[in-house]
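Since the structure comes first, as structure tokens, the remarks are kept for the end.
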Amino acid sequence: MNQDIKLLSRRDIAARIAADIPDGAYVNLGIGAPTEVANCLPDGVTIILHTENGLLGMGPSPPKGDEDEDLINAGKQFVTALPGAAYFHHADSFAMMRGGHLDYCVLGAYEVSVRGDLANWHTGANDAIPAVGGAMDLAIGAKSVFVMMDLLTKKGASKLVERCTSPLTGVACVKRVYTDHATFDITPEGVAARDLADGLSLAALQEICGVRLTGG
Amino acid sequence: MNQDIKLLSRRDIAARIAADIPDGAYVNLGIGAPTEVANCLPDGVTIILHTENGLLGMGPSPPKGDEDEDLINAGKQFVTALPGAAYFHHADSFAMMRGGHLDYCVLGAYEVSVRGDLANWHTGANDAIPAVGGAMDLAIGAKSVFVMMDLLTKKGASKLVERCTSPLTGVACVKRVYTDHATFDITPEGVAARDLADGLSLAALQEICGVRLTGG
Amino acid sequence: MNKICPSLQAAVADVPDGATVMIGGFGDAGVPFQLIDALIEQGAKDLTVISNNAGTGETGIAALIKNDRVKKIVCSFPRQANASAFDERYLAGRIALDLVPQGNLAERIRAAGAGIGAFYTPTAYGTPLADGKETREIAGRHYVLEYPLAADYAFIKAHKGDPLGNLVYRKTARNFGPVMATAAKCTVAQVTQVVGVGDLDPEAIVTPGIFVKRVIEVAPARC
Amino acid sequence: MNKICPSLQAAVADVPDGATVMIGGFGDAGVPFQLIDALIEQGAKDLTVISNNAGTGETGIAALIKNDRVKKIVCSFPRQANASAFDERYLAGRIALDLVPQGNLAERIRAAGAGIGAFYTPTAYGTPLADGKETREIAGRHYVLEYPLAADYAFIKAHKGDPLGNLVYRKTARNFGPVMATAAKCTVAQVTQVVGVGDLDPEAIVTPGIFVKRVIEVAPARC
């Protein structure tokens, strides 16, 4: 790795995503890194968080000692409900997602293809116990599906790929991929890279990820 | 008409239906004559009434002056809600019917065929403004669908027929037909007549209705 | 976020000619009469209306029809004893009617809001209202394939609403409001009372605010 | 009418071997732990369980699995960090798994309760979980045909219940309870508190009593 490239931290990536979400948006933040987006919203911007286990208007973690076993998020962590929140059952909650009512959904990924295919539920390993949860519903469950991930695996392989090798979660569903190297817009005309990390050229980025890119 | 035959009154028919509905049953009574069934329940029998416009636990008409414009039945008449009632929206209400959760539904009819086809929404007249309401949903909307009707039209034609001539409301959906002449069970083996009006023989009844009957 | 609308006029201002508009209500219960009046005043025409009824007397949808703003109505029960506007135009071929059984109407509206592409329903199988429709036998029962019904606007009436668009209804006036709210690009709720954020019990909210774009308070008429 | 059950034992007494049982809950919220414990004690085996998860630790469904009562589980997320009972049996081929995306699971359960024969859903299209399933393009979008999921029993947890079977839930413990209640021949609700008929607000009842056969009060455990 070129030492002059300043890759984005997880927090930096979350801040970029947060900057692209407008005030008043309805958003589902996937389990793990995407939850960081809620902590990076600019001043004056309020978004309304959906958790697919039946709550719109989710708030932050409760103070220690105030946990309520009946109030959790999709990651099964204790959360709170903000004023104006509403509870609903699972069929209604997933109807809300499937019906395209959420503005944004932010998810992690193993791989994203140049046409926006998403693989994030199963590594494809034969001995893995399969478990999908709401991943496939989330993949098609918002007007805009954003992916938040490091561009490379620990072994250095690009997770932005020509064609996913892991089992798919959804087909042509990802609109934008935010990574530590750059942000990628998935468009009908191809993948447009923008907001490249300091010190990273488009040519270098293209070499790293191995898929054809256009400038952002 | 043989003067020795004592046809049942509408109230008599309603009482027969009421006697066949067990305590605790969930029931939808169609618009018009079927509503009379609620007034004929034996002592100690409580049924829970569903009205498809979104109420389970419907009570009788309110006293004059206590009408609430937001509390009506499917016939758009003012009603009341009993303790333990619940309100729900139209999709949930018709899901309740379509899903087979109601025990009984009692409907009027223009015609019922020997295999239980029901015609009760449209006379077939060319100049009629069509309107179906919940008729087709009610026809398939209970574990047992009962019809309450006079056996004959005003012109003397049997409404229990080999094959309906009016447009159908539902196919093979009627289980039992209560009339002023007798009660008819629609079974896979044919139509079984029982509880004939006083003075009416099975042979005479068969001649009147013109379809093959077995004794009850 | 504040979805409270300053006026009925503002609530309906952008409805274009040719729009598809869902209108809540069953009989007179839950009908957003004032929104309909505002729509008549606004002047949009060639509307497709999706509603259970075609209005009673000369009010509500009947008034919209009488003003010749409706080119087509999708409903279960257009016929009303005391309403002649629809009947006259229908018999003269000046308004189209798509007659849908009430439960299929509700479920098709729900399907649009829930992202369901189509569904098999037992209602209307073997009847004239299933003529030409795809059917299928599943586990020994016969079904008709029905498609979603979506709209550009939904005008509904609720009891209370807050600035986030959360709604609760009142008694059987709830009827079609909650499903219509999910199936339109722009849902406008006429409410009897606007309350503050947090004033509605989150366990009892029937329509979460995500489904509602505009809330307009209309105090009940005094008799 | 009184659906209040005298004991947990009575509430589960008639579950036969081979029954299909829906069990509410997401994570630990809304899991009817005491009903599951009673079912383990009752002894029914060869069960097919429909639930979102396969239990955590050694409680709930994990305990049912550990006692070898489950031949098949239909769920979205069987894997739990601290639960080994399912993993061991699955890898040894001793328990069957039907993996269903969470939203399809909820919608298939709803369909069973709502009398829908099948429906087209966009979820899982083009993925391994749609392998072999019928697909269709409708209005430019791709869908998979999914069928209803019904059960003999539904064991759910609610917050309050009345003798008519009306239920309200608490916060995100609501999850699968309301749809499962509609999809089983016999729905048994474990509630934290039994209240009198008329004590629940009819506008806020989430599960109307028609869907519930038995209600059993289980006071919350004291820590």
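The chains in the structure tokens are called A, B, ... from first to last as shown; in each chain the residues are counted from 1, and the ligands are counted from 1 in the order shown.
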
(request) For chain D, work out the contacting residues on chain B at 10 Å, counting only C-alpha atoms, and write them as an MDAnalysis selection string. (result) chainID B and resid 23:26 45:48 50 55:57 81:88 91:103 140:141

(message) Give me the residues near Asn126 of chain B as a PyMOL selection string, where near means some atom within 12 Å (using only C-alpha atoms) and where sequence neighbours in that chain fewer than 4 positions away do not count.
(response) (chain B and resi 122+130+166-167) or (chain C and resi 91)

(message) If DSSP is run on the backbone, what residues of segment 2-218 of chain D are strand (DSSP E or B)? A reply as number ranges by chain would be ideal.
(response) D: 4, 20-23, 26, 29, 47-50, 53, 70-75, 77, 96-99, 118-121, 135-138, 141-146, 151-161, 167-168, 184-194, 207, 214-217

(request) Please provide the set of residues having any atom within 12 Å of Thr35 of chain A, restricted to only C-alpha atoms, with same-chain residues fewer than 3 positions apart removed, written as a PyMOL selection string. (result) chain A and resi 10-11+13-15+17-18+27-32+38-41+49-51+58-61+73-75+77+79+105-108+148

(request) Check the smallest atom-to-atom distance from each of D:Val168, D:Ile23, D:Ile73, D:Val215 to Asp46 of chain D using only C-alpha atoms, then report the winner. (result)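 The shortest atom-to-atom distance to Asp46 of chain D comes from D:Ile73.
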
Can you tell me which residues surround Lys213 of chain D at a distance of at most 10 Å, considering only C-alpha atoms, apart from same-chain residues fewer than 5 positions away, and format the answer as an mmCIF file with C-alpha atoms, in the first residue's frame?
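This went into around.cif:
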```cif
data_model
loop_
_atom_site.group_PDB
_atom_site.id
_atom_site.type_symbol
_atom_site.label_atom_id
_atom_site.label_comp_id
_atom_site.auth_asym_id
_atom_site.auth_seq_id
_atom_site.Cartn_x
_atom_site.Cartn_y
_atom_site.Cartn_z
ATOM 1 C CA ASN D 2 -63.623 -17.401 29.104
ATOM 2 C CA LYS D 3 -60.360 -18.298 27.416
ATOM 3 C CA ILE D 4 -58.235 -17.962 30.531
ATOM 4 C CA CYS D 5 -56.398 -21.218 31.092
ATOM 5 C CA ALA D 11 -52.406 -24.681 27.953
ATOM 6 C CA TYR D 153 -50.400 -24.255 17.391
ATOM 7 C CA ALA D 154 -49.032 -20.787 17.931
ATOM 8 C CA PRO D 163 -61.039 -13.463 28.829
ATOM 9 C CA LEU D 164 -62.169 -12.951 25.221
ATOM 10 C CA GLY D 165 -58.597 -13.438 24.031
ATOM 11 C CA ALA D 181 -51.953 -15.671 16.208
ATOM 12 C CA ALA D 184 -52.583 -21.400 13.787
ATOM 13 C CA LYS D 185 -55.544 -23.620 14.524
ATOM 14 C CA CYS D 186 -54.924 -23.090 18.228
ATOM 15 C CA THR D 187 -53.218 -19.947 19.453
ATOM 16 C CA VAL D 188 -52.065 -19.906 23.048
ATOM 17 C CA ALA D 189 -50.984 -16.559 24.469
#
```

(request) Fewer than 2 positions away in the same chain doesn't count, so skip those; otherwise give me all residues within 12 Å of Leu205 of chain B, counting only C-alpha atoms, as a PyMOL selection string. (result) chain B and resi 1-2+5+7+151-152+158+160+179-184+192-203+207-215

(request) Just list the residues in segment 10-212 of chain C DSSP gives helix (DSSP H, G or I) on the backbone, as a ChimeraX atom specification. (result) /C:10-12,33-42,61-66,85-91,102-114,128-130,171-173,177-183,209-211

(request) Could you tell me which of D:Met180, D:Leu145, D:Ile65, D:Ala151 comes closest to chain C if we count only C-alpha atoms? (result) D:Leu145

(request) Excluding Ile72 of chain B and residues on its chain fewer than 4 positions from it, collect all residues at most 9 Å away from it, counting only C-alpha atoms, and give them as a list in words. (result) Thr51, Asn53, Glu67, Asp68, Lys76, Gln77, Phe78, Val79 and Thr80 of chain B; Gly27, Ala29, Lys171, Thr172 and Ala173 of chain C

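Atom CA of Leu138 of chain B lies 14.5 Å from atom CA of Glu107 of chain C.
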
(message) For a test of reading the model, state the distance in Å between atom CA of Arg176 of chain A and atom CA of Val145 of chain A, rounded to one decimal.
(response)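 Distance reported for this atom pair: 7.0 Å.
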
(message) What's the separation between atom CA of Ser76 of chain C and atom CA of Val132 of chain B, in Å to one decimal place?
(response)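 Computed distance, atom CA of Ser76 of chain C to atom CA of Val132 of chain B, equals 5.6 Å.
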
(request) Write out as number ranges by chain each polymer residue whose atoms come within 10 Å of segment 153-155 of chain B, counting only C-alpha atoms; drop sequence neighbours fewer than 3 positions from it. (result) B: 110-111, 149-150, 158-159
